[in-house]
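Visitor: What follows is model-v6.csv; its format and atoms are CSV, C-alpha atoms.
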```
chain,number,residue,atom,x,y,z
O,1,MET,CA,102.1,114.5,66.6
O,2,LYS,CA,100.6,114.1,70.0
O,3,GLU,CA,102.8,113.4,73.0
O,4,ASP,CA,102.9,109.9,74.6
O,5,PRO,CA,100.1,109.9,77.2
O,6,PHE,CA,102.5,108.4,79.8
O,7,ALA,CA,105.0,111.2,79.3
O,8,THR,CA,102.3,113.8,79.8
O,9,LEU,CA,101.1,111.9,82.9
O,10,GLN,CA,104.6,111.5,84.2
O,11,ARG,CA,105.4,115.2,83.9
O,12,ALA,CA,102.2,116.2,85.7
O,13,TRP,CA,102.8,113.5,88.3
O,14,HIS,CA,106.2,114.9,89.3
O,15,GLU,CA,105.2,118.5,89.0
O,16,GLN,CA,102.8,118.2,91.9
O,17,GLY,CA,105.2,118.7,94.8
O,18,PRO,CA,105.8,119.8,97.4
O,19,LEU,CA,102.5,118.3,98.7
O,20,GLY,CA,103.9,118.1,102.2
O,21,ALA,CA,100.7,118.4,104.4
O,22,LEU,CA,101.1,114.9,105.9
O,23,ASP,CA,102.5,114.7,109.4
O,24,PRO,CA,105.7,112.8,109.9
O,25,LEU,CA,105.3,110.1,112.6
O,26,THR,CA,107.9,108.7,114.9
O,27,LEU,CA,108.3,105.0,115.6
O,28,PRO,CA,106.7,105.2,119.1
O,29,GLN,CA,103.7,107.1,117.6
O,30,LEU,CA,103.2,104.4,115.0
O,31,GLN,CA,103.5,101.7,117.7
O,32,GLU,CA,100.9,103.5,119.7
O,33,ARG,CA,98.6,103.7,116.7
O,34,SER,CA,99.0,100.0,116.1
O,35,ARG,CA,98.0,99.3,119.7
O,36,VAL,CA,95.0,101.7,119.5
O,37,HIS,CA,93.8,100.0,116.4
O,38,ALA,CA,94.1,96.6,118.0
O,39,ARG,CA,92.1,97.8,121.0
O,40,ARG,CA,89.4,99.3,118.8
O,41,VAL,CA,89.0,96.0,116.9
O,42,TRP,CA,88.8,94.2,120.2
O,43,TRP,CA,86.1,96.5,121.6
O,44,ARG,CA,84.1,96.4,118.4
O,45,ASN,CA,84.1,92.5,118.5
O,46,ALA,CA,83.3,92.6,122.2
O,47,ARG,CA,80.2,94.9,121.6
O,48,GLU,CA,78.9,92.6,118.9
O,49,TRP,CA,79.2,89.6,121.1
O,50,ALA,CA,77.7,91.4,124.1
O,51,ALA,CA,74.6,92.2,122.0
O,52,VAL,CA,74.2,88.5,121.1
O,53,ALA,CA,74.9,87.6,124.8
O,54,LEU,CA,72.1,89.9,125.9
O,55,VAL,CA,69.4,88.9,123.4
O,56,VAL,CA,69.8,85.2,123.7
O,57,PRO,CA,69.3,84.9,127.5
O,58,THR,CA,66.6,87.6,127.5
O,59,PHE,CA,64.4,85.7,125.0
O,60,LEU,CA,65.2,82.4,126.7
O,61,ALA,CA,64.1,83.8,130.1
O,62,TRP,CA,61.0,85.3,128.5
O,63,GLY,CA,60.2,82.0,126.9
O,64,LEU,CA,60.7,80.0,130.1
O,65,SER,CA,58.5,82.3,132.1
O,66,ALA,CA,55.7,82.4,129.4
O,67,GLU,CA,52.5,80.5,130.1
O,68,ARG,CA,51.5,79.6,126.6
O,69,TRP,CA,53.5,77.1,124.5
O,70,LEU,CA,53.4,79.1,121.3
O,71,THR,CA,55.0,82.1,123.0
O,72,GLN,CA,57.5,79.8,124.6
O,73,ALA,CA,58.3,78.4,121.2
O,74,GLY,CA,58.6,81.8,119.6
O,75,CYS,CA,60.9,83.1,122.3
O,76,VAL,CA,63.2,80.0,122.1
O,77,TRP,CA,63.2,80.3,118.3
O,78,THR,CA,64.1,84.0,118.5
O,79,ALA,CA,66.9,83.3,121.0
O,80,LEU,CA,68.3,80.6,118.8
O,81,SER,CA,68.1,82.8,115.7
O,82,ALA,CA,70.0,85.5,117.5
O,83,ALA,CA,72.7,82.9,118.3
O,84,TRP,CA,72.6,81.8,114.7
O,85,ILE,CA,73.0,85.4,113.4
O,86,GLY,CA,76.1,85.7,115.7
O,87,VAL,CA,77.6,82.5,114.2
O,88,VAL,CA,76.9,83.7,110.6
O,89,LEU,CA,78.5,87.0,111.3
O,90,TRP,CA,81.5,85.4,112.9
O,91,ARG,CA,82.0,82.9,110.1
O,92,ARG,CA,81.1,85.0,107.1
O,93,GLY,CA,81.2,88.6,108.3
O,94,THR,CA,84.7,88.7,109.8
O,95,ASN,CA,87.7,89.7,107.6
O,96,LEU,CA,89.7,87.0,105.8
O,97,ALA,CA,93.3,86.7,107.0
O,98,ALA,CA,95.2,89.5,105.2
O,99,PRO,CA,98.4,88.7,103.3
O,100,ALA,CA,101.6,90.3,104.6
O,101,PRO,CA,101.8,94.0,103.8
O,102,ASP,CA,104.7,93.4,101.4
O,103,ALA,CA,103.0,90.6,99.5
O,104,PRO,CA,102.9,91.0,95.7
O,105,MET,CA,100.3,93.5,94.7
O,106,VAL,CA,98.3,90.9,92.7
O,107,THR,CA,98.0,88.8,95.9
O,108,PHE,CA,96.6,91.9,97.7
O,109,LEU,CA,94.1,92.7,94.9
O,110,ARG,CA,92.9,89.1,95.0
O,111,HIS,CA,92.5,89.3,98.8
O,112,GLU,CA,90.6,92.5,98.6
O,113,ARG,CA,88.3,91.2,95.9
O,114,ALA,CA,87.6,88.1,97.9
O,115,GLN,CA,86.7,90.4,100.9
O,116,LEU,CA,84.3,92.5,98.7
O,117,GLU,CA,82.8,89.4,97.2
O,118,ARG,CA,82.2,88.0,100.7
O,119,GLN,CA,80.5,91.1,101.9
O,120,ALA,CA,78.3,91.4,98.8
O,121,ALA,CA,77.3,87.7,99.3
O,122,LEU,CA,76.5,88.3,103.0
O,123,LEU,CA,74.4,91.3,102.2
O,124,GLU,CA,72.5,89.5,99.4
O,125,ARG,CA,71.7,86.6,101.7
O,126,VAL,CA,70.3,88.9,104.5
O,127,PRO,CA,66.7,87.6,103.8
O,128,THR,CA,67.7,84.0,104.6
O,129,TRP,CA,70.2,84.3,107.5
O,130,TYR,CA,69.0,87.5,109.2
O,131,VAL,CA,65.4,88.4,108.4
O,132,ALA,CA,63.7,85.0,108.0
O,133,PRO,CA,64.7,83.4,111.3
O,134,GLN,CA,63.7,86.5,113.3
O,135,VAL,CA,60.4,86.9,111.4
O,136,ALA,CA,59.6,83.3,112.1
O,137,GLY,CA,60.2,83.7,115.9
O,138,LEU,CA,58.2,87.0,115.9
O,139,ALA,CA,55.4,85.4,113.9
O,140,LEU,CA,55.0,82.7,116.5
O,141,ILE,CA,54.9,85.2,119.4
O,142,LEU,CA,52.5,87.6,117.5
O,143,GLY,CA,50.4,84.6,116.3
O,144,ASP,CA,50.0,83.6,119.9
O,145,ARG,CA,48.9,87.1,120.8
O,146,ALA,CA,46.3,86.9,118.0
O,147,TRP,CA,45.1,83.6,119.3
O,148,VAL,CA,44.6,85.1,122.8
O,149,LEU,CA,42.6,87.9,121.2
O,150,VAL,CA,40.4,85.5,119.4
O,151,GLU,CA,39.8,83.6,122.6
O,152,ALA,CA,38.9,86.8,124.3
O,153,GLY,CA,36.3,87.8,121.6
O,154,ALA,CA,38.6,90.0,119.6
O,155,PRO,CA,38.3,93.3,121.5
O,156,ARG,CA,38.8,96.3,119.1
O,157,ALA,CA,41.7,97.8,121.1
O,158,GLY,CA,43.6,94.6,121.2
O,159,VAL,CA,43.2,94.0,117.5
O,160,VAL,CA,44.3,97.5,116.7
O,161,ALA,CA,47.4,97.2,118.9
O,162,LEU,CA,48.3,93.8,117.4
O,163,GLY,CA,47.8,95.2,113.8
O,164,ALA,CA,50.0,98.2,114.6
O,165,THR,CA,52.7,95.9,116.0
O,166,VAL,CA,52.6,93.7,112.9
O,167,LEU,CA,52.8,96.7,110.6
O,168,LEU,CA,55.7,98.1,112.6
O,169,VAL,CA,57.6,94.8,112.5
O,170,ALA,CA,56.9,94.5,108.7
O,171,LEU,CA,58.1,98.1,108.2
O,172,VAL,CA,61.4,97.6,110.1
O,173,PHE,CA,62.2,94.4,108.3
O,174,GLY,CA,61.2,95.9,105.0
O,175,VAL,CA,63.6,98.8,105.5
O,176,VAL,CA,66.4,96.3,106.6
O,177,LEU,CA,65.8,94.3,103.4
O,178,TRP,CA,65.7,97.3,101.2
O,179,LEU,CA,68.9,98.9,102.6
O,180,ASN,CA,70.8,95.6,102.4
O,181,ARG,CA,69.7,94.9,98.9
O,182,ARG,CA,70.7,98.4,97.8
O,183,ALA,CA,74.1,98.1,99.5
O,184,ALA,CA,74.7,94.7,97.9
O,185,ARG,CA,73.8,96.1,94.4
O,186,GLU,CA,76.2,99.0,94.9
O,187,LEU,CA,79.0,96.7,96.0
O,188,ARG,CA,78.5,94.5,93.0
O,189,GLU,CA,78.6,97.5,90.7
O,190,GLN,CA,81.9,98.5,92.3
O,191,LEU,CA,83.3,95.0,92.1
O,192,SER,CA,83.0,95.2,88.3
O,193,ARG,CA,85.8,97.8,88.5
O,194,TRP,CA,87.9,95.6,90.7
O,195,PRO,CA,90.0,93.3,88.5
O,196,ASP,CA,90.0,89.6,89.1
O,197,PRO,CA,93.8,88.8,88.8
O,198,ASP,CA,93.0,85.1,88.0
O,199,ALA,CA,90.7,86.0,85.1
M,1,MET,CA,121.5,102.0,99.8
M,2,HIS,CA,120.7,98.4,100.7
M,3,ALA,CA,118.6,97.0,103.4
M,4,ALA,CA,121.4,95.3,105.2
M,5,ALA,CA,123.0,98.6,106.0
M,6,LEU,CA,119.7,99.8,107.4
M,7,HIS,CA,119.0,96.9,109.7
M,8,PRO,CA,121.8,96.3,112.1
M,9,THR,CA,121.6,92.6,113.1
M,10,SER,CA,121.0,91.9,116.8
M,11,VAL,CA,123.1,88.7,116.6
M,12,SER,CA,126.7,89.1,117.6
M,13,PHE,CA,129.4,86.7,116.3
M,14,PRO,CA,132.3,85.5,118.5
M,15,GLN,CA,135.5,84.3,116.9
M,16,SER,CA,135.8,80.5,117.5
M,17,TRP,CA,135.1,77.9,114.7
M,18,VAL,CA,132.0,76.8,116.6
M,19,ASP,CA,130.8,80.3,116.5
M,20,GLY,CA,131.7,80.5,112.8
M,21,VAL,CA,129.3,77.6,112.2
M,22,VAL,CA,126.6,79.3,114.3
M,23,ARG,CA,127.2,82.5,112.3
M,24,TRP,CA,126.6,80.6,109.0
M,25,ILE,CA,123.5,79.1,110.4
M,26,CYS,CA,122.2,82.5,111.4
M,27,LEU,CA,123.0,84.0,108.0
M,28,PHE,CA,121.3,81.0,106.3
M,29,ALA,CA,118.2,81.4,108.5
M,30,GLN,CA,118.1,85.1,107.7
M,31,GLY,CA,118.5,84.3,104.0
M,32,VAL,CA,115.5,82.0,104.0
M,33,GLY,CA,113.5,84.3,106.0
M,34,LEU,CA,113.7,82.6,109.4
M,35,GLY,CA,115.9,85.2,111.1
M,36,GLU,CA,114.2,87.5,113.5
M,37,GLY,CA,117.5,89.1,114.2
M,38,ARG,CA,116.9,92.1,112.0
M,39,GLU,CA,116.1,95.1,114.1
M,40,VAL,CA,114.1,98.0,112.8
M,41,THR,CA,115.4,101.1,114.4
M,42,GLN,CA,113.9,104.6,114.3
M,43,ALA,CA,116.8,105.7,112.2
M,44,SER,CA,116.5,102.9,109.6
M,45,PHE,CA,112.8,103.4,109.4
M,46,GLU,CA,113.1,107.2,109.0
M,47,ALA,CA,115.8,106.8,106.4
M,48,VAL,CA,113.6,104.6,104.2
M,49,VAL,CA,110.6,106.9,104.6
M,50,SER,CA,112.6,110.0,103.8
M,51,ARG,CA,114.1,108.4,100.7
M,52,HIS,CA,110.6,107.6,99.3
M,53,ARG,CA,108.5,110.3,100.9
M,54,GLY,CA,107.7,112.1,97.7
M,55,ALA,CA,106.4,109.0,96.0
M,56,LEU,CA,104.4,108.0,99.1
M,57,GLU,CA,102.8,111.4,99.4
M,58,ARG,CA,101.9,111.5,95.7
M,59,LEU,CA,100.1,108.1,96.1
M,60,CYS,CA,98.3,109.4,99.2
M,61,PHE,CA,97.1,112.5,97.4
M,62,TYR,CA,96.0,110.4,94.4
M,63,ARG,CA,94.1,107.9,96.4
M,64,GLU,CA,92.3,110.0,99.0
M,65,ARG,CA,90.7,113.4,98.5
M,66,ASP,CA,89.5,114.0,102.1
M,67,PRO,CA,92.4,115.5,104.1
M,68,VAL,CA,91.6,113.7,107.3
M,69,LYS,CA,91.2,110.3,105.6
M,70,ARG,CA,94.4,111.0,103.6
M,71,GLN,CA,96.3,111.5,106.9
M,72,ASP,CA,94.9,108.1,108.0
M,73,LEU,CA,96.0,106.5,104.8
M,74,TRP,CA,99.5,108.0,105.2
M,75,GLN,CA,99.7,106.7,108.8
M,76,ASP,CA,98.5,103.2,107.6
M,77,MET,CA,101.2,103.3,105.0
M,78,LEU,CA,103.9,104.2,107.5
M,79,LEU,CA,102.6,101.5,109.9
M,80,ALA,CA,102.7,98.8,107.2
M,81,LEU,CA,106.2,99.9,106.2
M,82,TRP,CA,107.4,99.7,109.8
M,83,LYS,CA,105.8,96.3,110.4
M,84,SER,CA,107.3,94.8,107.3
M,85,LEU,CA,110.6,96.6,107.2
M,86,GLY,CA,112.3,93.6,108.8
M,87,SER,CA,111.6,91.5,105.7
M,88,LEU,CA,113.2,94.0,103.3
M,89,ARG,CA,115.8,92.0,101.4
M,90,GLU,CA,119.2,93.1,100.3
M,91,GLU,CA,118.6,91.9,96.7
M,92,GLY,CA,115.9,93.6,94.7
M,93,SER,CA,114.8,97.2,94.5
M,94,GLU,CA,114.0,99.1,97.7
M,95,ARG,CA,111.8,101.5,95.8
M,96,ALA,CA,109.8,98.6,94.3
M,97,TRP,CA,109.4,97.1,97.8
M,98,VAL,CA,108.3,100.4,99.4
M,99,LEU,CA,105.8,101.2,96.6
M,100,ARG,CA,104.5,97.6,96.8
M,101,VAL,CA,103.7,98.0,100.5
M,102,ALA,CA,102.2,101.5,99.9
M,103,HIS,CA,100.0,100.4,96.9
M,104,ASN,CA,98.8,97.4,99.0
M,105,VAL,CA,97.7,99.7,101.8
M,106,ALA,CA,96.1,102.0,99.2
M,107,ALA,CA,94.2,99.1,97.7
M,108,SER,CA,92.9,98.1,101.1
M,109,HIS,CA,91.9,101.8,101.6
M,110,VAL,CA,89.9,101.9,98.4
M,111,ALA,CA,88.3,98.5,99.2
M,112,ARG,CA,87.3,99.9,102.6
M,113,ALA,CA,85.9,103.0,101.0
M,114,MET,CA,83.8,100.8,98.7
M,115,ARG,CA,82.4,98.9,101.7
M,116,GLU,CA,81.7,102.2,103.4
M,117,ARG,CA,80.1,103.4,100.2
M,118,ARG,CA,82.2,106.5,99.8
M,119,HIS,CA,84.0,105.2,96.7
M,120,ASP,CA,83.3,108.3,94.7
M,121,ASP,CA,85.1,110.4,97.3
M,122,VAL,CA,88.2,108.3,97.0
M,123,LEU,CA,88.1,108.3,93.3
M,124,GLY,CA,87.2,112.0,93.0
M,125,CYS,CA,89.6,114.3,91.3
M,126,ASP,CA,92.3,115.9,93.5
M,127,GLU,CA,92.8,119.6,92.9
M,128,ALA,CA,96.5,119.3,94.0
M,129,VAL,CA,97.2,116.9,91.2
M,130,GLU,CA,94.7,117.7,88.5
M,131,ALA,CA,93.9,121.4,88.5
M,132,PRO,CA,93.3,122.4,84.9
M,133,ASP,CA,96.0,125.1,85.1
M,134,ARG,CA,98.5,122.3,85.3
M,135,GLY,CA,97.5,121.3,81.8
M,136,ALA,CA,94.1,120.3,80.5
M,137,GLU,CA,95.6,117.3,78.7
M,138,ALA,CA,97.2,115.9,81.8
M,139,TRP,CA,94.0,116.6,83.8
M,140,GLU,CA,91.9,114.7,81.2
M,141,LEU,CA,94.4,111.8,81.1
M,142,MET,CA,94.3,111.6,84.9
M,143,ARG,CA,90.5,111.6,84.9
M,144,ARG,CA,90.5,108.8,82.4
M,145,LEU,CA,93.0,106.9,84.4
M,146,ARG,CA,90.8,107.0,87.4
M,147,LEU,CA,88.0,105.4,85.4
M,148,MET,CA,90.2,102.3,84.8
M,149,ASP,CA,90.3,99.3,87.1
M,150,ILE,CA,92.6,99.5,90.1
M,151,ALA,CA,95.2,97.1,88.7
M,152,SER,CA,95.7,99.2,85.6
M,153,GLN,CA,95.9,102.4,87.7
M,154,GLN,CA,98.6,100.7,89.8
M,155,LEU,CA,100.7,99.8,86.8
M,156,VAL,CA,100.5,103.3,85.4
M,157,LEU,CA,101.2,105.0,88.7
M,158,LEU,CA,104.3,102.8,89.2
M,159,HIS,CA,105.4,103.6,85.6
M,160,VAL,CA,104.9,107.4,86.0
M,161,GLU,CA,106.7,107.2,89.3
M,162,GLY,CA,109.7,106.1,87.3
M,163,LEU,CA,110.0,102.3,88.0
M,164,THR,CA,111.4,100.1,85.3
M,165,SER,CA,109.4,97.1,84.0
M,166,GLN,CA,111.5,94.8,86.1
M,167,GLU,CA,110.8,96.9,89.3
M,168,ILE,CA,107.1,97.0,88.4
M,169,ALA,CA,107.2,93.2,88.0
M,170,GLU,CA,108.8,92.9,91.4
M,171,ALA,CA,106.2,95.1,93.0
M,172,THR,CA,103.1,93.6,91.4
M,173,GLY,CA,104.1,89.9,91.1
M,174,LEU,CA,103.5,89.9,87.4
M,175,SER,CA,106.2,88.9,84.9
M,176,ALA,CA,108.2,91.8,83.3
M,177,SER,CA,106.8,90.8,79.8
M,178,ASN,CA,103.3,90.9,81.2
M,179,VAL,CA,103.9,94.3,82.7
M,180,THR,CA,105.2,95.6,79.3
M,181,THR,CA,102.2,94.2,77.4
M,182,ARG,CA,99.7,95.6,79.9
M,183,LEU,CA,101.3,99.0,79.9
M,184,SER,CA,101.4,99.1,76.2
M,185,ARG,CA,97.6,98.2,76.0
M,186,ILE,CA,96.8,101.0,78.5
M,187,ARG,CA,99.0,103.5,76.6
M,188,LYS,CA,97.1,102.6,73.4
M,189,ARG,CA,93.8,102.9,75.1
M,190,LEU,CA,94.6,106.3,76.6
M,191,ALA,CA,95.9,107.6,73.2
M,192,GLU,CA,92.9,106.3,71.3
M,193,GLU,CA,90.5,107.9,73.8
M,194,GLU,CA,92.5,111.1,73.4
M,195,ASP,CA,92.0,111.0,69.7
M,196,GLY,CA,88.4,110.0,69.9
```
Show how you would write the structure in this file as structure tokens.

Guide:
Amino acid sequence: MKEDPFATLQRAWHEQGPLGALDPLTLPQLQERSRVHARRVWWRNAREWAAVALVVPTFLAWGLSAERWLTQAGCVWTALSAAWIGVVLWRRGTNLAAPAPDAPMVTFLRHERAQLERQAALLERVPTWYVAPQVAGLALILGDRAWVLVEAGAPRAGVVALGATVLLVALVFGVVLWLNRRAARELREQLSRWPDPDA
Amino acid sequence: MHAAALHPTSVSFPQSWVDGVVRWICLFAQGVGLGEGREVTQASFEAVVSRHRGALERLCFYRERDPVKRQDLWQDMLLALWKSLGSLREEGSERAWVLRVAHNVAASHVARAMRERRHDDVLGCDEAVEAPDRGAEAWELMRRLRLMDIASQQLVLLHVEGLTSQEIAEATGLSASNVTTRLSRIRKRLAEEEDG
């Protein structure tokens, strides 16, 4: 008769030691680690907001100084879409408030599942909240360039340069879409192994 | 050893009847979780960690294969224990409480690994635990356990660590009867796969 699988596992589990390669930490070291972590989170958030704060005024300034109304509209649209992306990341990309570290384990599993769901949903919606607004702004700006070229008799060099720019933009956003779609699919696959405690 | 002995209270109690009333209010406040008087000292923290070090290390080795990330996981566990040690209650099992905190940290670690798309690294077999020379059967069981969902893994790990159904219920937040039922299903599944 075969042994109870739990008994086999239990014996193997307790026969492991001594593992002992983990450094002991003192209380001051832990407190310092906690402070370092808080600083790191603060700086990461600050960098993200700095990027938004840089893009928005840059495009607004460009828009205000542009002579043609279509370029002005494109720049203002791009500035607004950058601000919009910042808002979406802030509302849907930041972590949910975590339960206390000693909360029941099912509460923690529920929280982590919600986090993963949230990230998967954010990645799946990249075409609508990230790509589409930026593409619309760039389309206005590039459309205006095309109009200028048409007015100038469509010189070959200008057409080639514009075509190359459009291709480059399409390539960049195509890669962004592909990467995010792949990441969302992988996350969904992994979520199937994360139990739903309420199910 | 109970938590009260580990956390000397910072509130001192004079002798008059008024102070007696204050004392009871303080004790009541601590009882319902309002008291911030519990002080986590280096000694109390180290005592708790040293009592459960083996279990914590085994969990770290199970959950993370990469030595550097494992050290991070270990430090996160200690940090979470330190932060929540003040809420450790006298009633209930200290072991269940410590492992609950550790498993919560480990669950967050696995979820983060999923988001960073290095889930296979975290789930990968650990030579220290599962080298075939420790027994092919145990190695195979451990491999199959890793393929289960994280809640089932948690239940089995708490069980093999030696917790009673009541302690597992305390740690997980499930009822003791639910724990017993789930464990028996997992046992059956492992045994059936073994036969198959």

Visitor: Residues of chain O that have any atom at most 6 Å from an atom of chain M: could you tabulate them with the shortest-distance atom pair and the distance in Å to one decimal, using all atoms listed in the file, ordered by chain and increasing number, as a tab-separated table?

Guide:
```
residue	atom	partner	partner_atom	distance
O:Thr8	CA	M:Ala138	CA	5.9
O:Leu9	CA	M:Ala138	CA	5.7
O:Gln10	CA	M:Val160	CA	4.5
O:Gln16	CA	M:Val129	CA	5.8
O:Leu22	CA	M:Gln71	CA	6.0
O:Leu27	CA	M:Gln42	CA	5.8
O:Leu30	CA	M:Leu79	CA	5.9
O:Pro101	CA	M:Val101	CA	5.5
O:Asp102	CA	M:Val101	CA	4.8
O:Pro104	CA	M:Gly173	CA	4.9
O:Met105	CA	M:Thr172	CA	4.3
O:Val106	CA	M:Thr172	CA	5.7
O:Arg193	CA	M:Asp149	CA	4.9
O:Trp194	CA	M:Asp149	CA	5.7
```

Visitor: Rounded to one decimal, what separation in Å do you get between CA of Ala98 (chain O) and CA of Ala96 (chain M)?

Guide: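 Separation of CA of Ala98 (chain O) and CA of Ala96 (chain M): 20.4 Å.
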
Visitor: Write out as an mmCIF file with C-alpha atoms, keeping the file's coordinate frame the residues lying within 8 Å of region 134-138 of chain O, counting all atoms listed in the file and excluding same-chain residues fewer than 6 positions away.

Guide:
```cif
data_model
loop_
_atom_site.group_PDB
_atom_site.id
_atom_site.type_symbol
_atom_site.label_atom_id
_atom_site.label_comp_id
_atom_site.auth_asym_id
_atom_site.auth_seq_id
_atom_site.Cartn_x
_atom_site.Cartn_y
_atom_site.Cartn_z
ATOM 1 C CA ALA O 73 58.300 78.400 121.200
ATOM 2 C CA GLY O 74 58.600 81.800 119.600
ATOM 3 C CA CYS O 75 60.900 83.100 122.300
ATOM 4 C CA VAL O 76 63.200 80.000 122.100
ATOM 5 C CA TRP O 77 63.200 80.300 118.300
ATOM 6 C CA THR O 78 64.100 84.000 118.500
ATOM 7 C CA SER O 81 68.100 82.800 115.700
ATOM 8 C CA ALA O 82 70.000 85.500 117.500
#
```

Visitor: So what do you get for CA of Arg185 (chain O) versus CA of Arg125 (chain O), distance-wise?

Guide: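 CA of Arg125 (chain O) lies at a distance of 12.2 Å from CA of Arg185 (chain O).
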
Visitor: For region 168-180 of chain O, list every protein, DNA or RNA residue within 12 Å, evaluated using only C-alpha atoms, and leave out those in the same chain fewer than 2 positions away; present the list as a PyMOL selection string.

Guide: chain O and resi 119-139+142+161-166+182-187

Visitor: Please report the interatomic distance between CA of Glu167 (chain M) and CA of Arg146 (chain M) in Å with one decimal.

Guide: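 Between CA of Glu167 (chain M) and CA of Arg146 (chain M) the gap is 22.5 Å.
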
Visitor: With only C-alpha atoms as the basis for distance, which of O:Ala51, O:Val87, O:Leu70, O:Ala38 is at the shortest distance from Val148 (chain O)?

Guide: O:Leu70

Visitor: Counting all atoms listed in the file, which residue out of O:Thr26, O:Phe108, O:Arg181, O:Gln115 sits closest to Asn95 (chain O)?

Guide: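 Smallest distance to Asn95 (chain O) is found for O:Gln115.
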
Visitor: Taking into account only C-alpha atoms, which residue in the set O:Asp23, O:Glu67, O:Glu3, O:Glu48 is nearest to Ala83 (chain O)?

Guide: O:Glu48

Visitor: Complete the atoms of region 184-195 of chain M to N, CA, C and O atoms and put them out as a PDB file, keeping the file's coordinate frame.

Guide:
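Result file selection-v7.pdb:
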```pdb
ATOM      1  N   SER M 184     101.505  98.681  77.544  1.00  0.00           N
ATOM      2  CA  SER M 184     101.400  99.100  76.200  1.00  0.00           C
ATOM      3  C   SER M 184      99.879  99.160  75.759  1.00  0.00           C
ATOM      4  O   SER M 184      99.448 100.057  75.036  1.00  0.00           O
ATOM      5  N   ARG M 185      99.102  98.217  76.276  1.00  0.00           N
ATOM      6  CA  ARG M 185      97.600  98.200  76.000  1.00  0.00           C
ATOM      7  C   ARG M 185      97.014  99.500  76.610  1.00  0.00           C
ATOM      8  O   ARG M 185      96.185 100.155  75.989  1.00  0.00           O
ATOM      9  N   ILE M 186      97.426  99.799  77.844  1.00  0.00           N
ATOM     10  CA  ILE M 186      96.800 101.000  78.500  1.00  0.00           C
ATOM     11  C   ILE M 186      97.224 102.252  77.771  1.00  0.00           C
ATOM     12  O   ILE M 186      96.399 103.143  77.563  1.00  0.00           O
ATOM     13  N   ARG M 187      98.486 102.311  77.373  1.00  0.00           N
ATOM     14  CA  ARG M 187      99.000 103.500  76.600  1.00  0.00           C
ATOM     15  C   ARG M 187      98.120 103.687  75.367  1.00  0.00           C
ATOM     16  O   ARG M 187      97.663 104.787  75.065  1.00  0.00           O
ATOM     17  N   LYS M 188      97.895 102.573  74.664  1.00  0.00           N
ATOM     18  CA  LYS M 188      97.100 102.600  73.400  1.00  0.00           C
ATOM     19  C   LYS M 188      95.713 103.113  73.690  1.00  0.00           C
ATOM     20  O   LYS M 188      95.178 103.956  72.963  1.00  0.00           O
ATOM     21  N   ARG M 189      95.158 102.561  74.762  1.00  0.00           N
ATOM     22  CA  ARG M 189      93.800 102.900  75.100  1.00  0.00           C
ATOM     23  C   ARG M 189      93.679 104.421  75.434  1.00  0.00           C
ATOM     24  O   ARG M 189      92.773 105.102  74.966  1.00  0.00           O
ATOM     25  N   LEU M 190      94.643 104.906  76.205  1.00  0.00           N
ATOM     26  CA  LEU M 190      94.600 106.300  76.600  1.00  0.00           C
ATOM     27  C   LEU M 190      94.797 107.201  75.333  1.00  0.00           C
ATOM     28  O   LEU M 190      94.125 108.220  75.183  1.00  0.00           O
ATOM     29  N   ALA M 191      95.694 106.778  74.434  1.00  0.00           N
ATOM     30  CA  ALA M 191      95.900 107.600  73.200  1.00  0.00           C
ATOM     31  C   ALA M 191      94.713 107.557  72.312  1.00  0.00           C
ATOM     32  O   ALA M 191      94.351 108.595  71.752  1.00  0.00           O
ATOM     33  N   GLU M 192      94.058 106.410  72.197  1.00  0.00           N
ATOM     34  CA  GLU M 192      92.900 106.300  71.300  1.00  0.00           C
ATOM     35  C   GLU M 192      91.737 107.161  71.870  1.00  0.00           C
ATOM     36  O   GLU M 192      91.080 107.878  71.115  1.00  0.00           O
ATOM     37  N   GLU M 193      91.559 107.104  73.185  1.00  0.00           N
ATOM     38  CA  GLU M 193      90.500 107.900  73.800  1.00  0.00           C
ATOM     39  C   GLU M 193      90.753 109.391  73.579  1.00  0.00           C
ATOM     40  O   GLU M 193      89.849 110.179  73.381  1.00  0.00           O
ATOM     41  N   GLU M 194      92.058 109.718  73.630  1.00  0.00           N
ATOM     42  CA  GLU M 194      92.500 111.100  73.400  1.00  0.00           C
ATOM     43  C   GLU M 194      92.073 111.580  72.042  1.00  0.00           C
ATOM     44  O   GLU M 194      91.537 112.662  71.836  1.00  0.00           O
ATOM     45  N   ASP M 195      92.347 110.711  71.061  1.00  0.00           N
ATOM     46  CA  ASP M 195      92.000 111.000  69.700  1.00  0.00           C
ATOM     47  C   ASP M 195      90.515 111.080  69.441  1.00  0.00           C
ATOM     48  O   ASP M 195      90.010 111.923  68.727  1.00  0.00           O
TER      49      ASP M 195
END
```
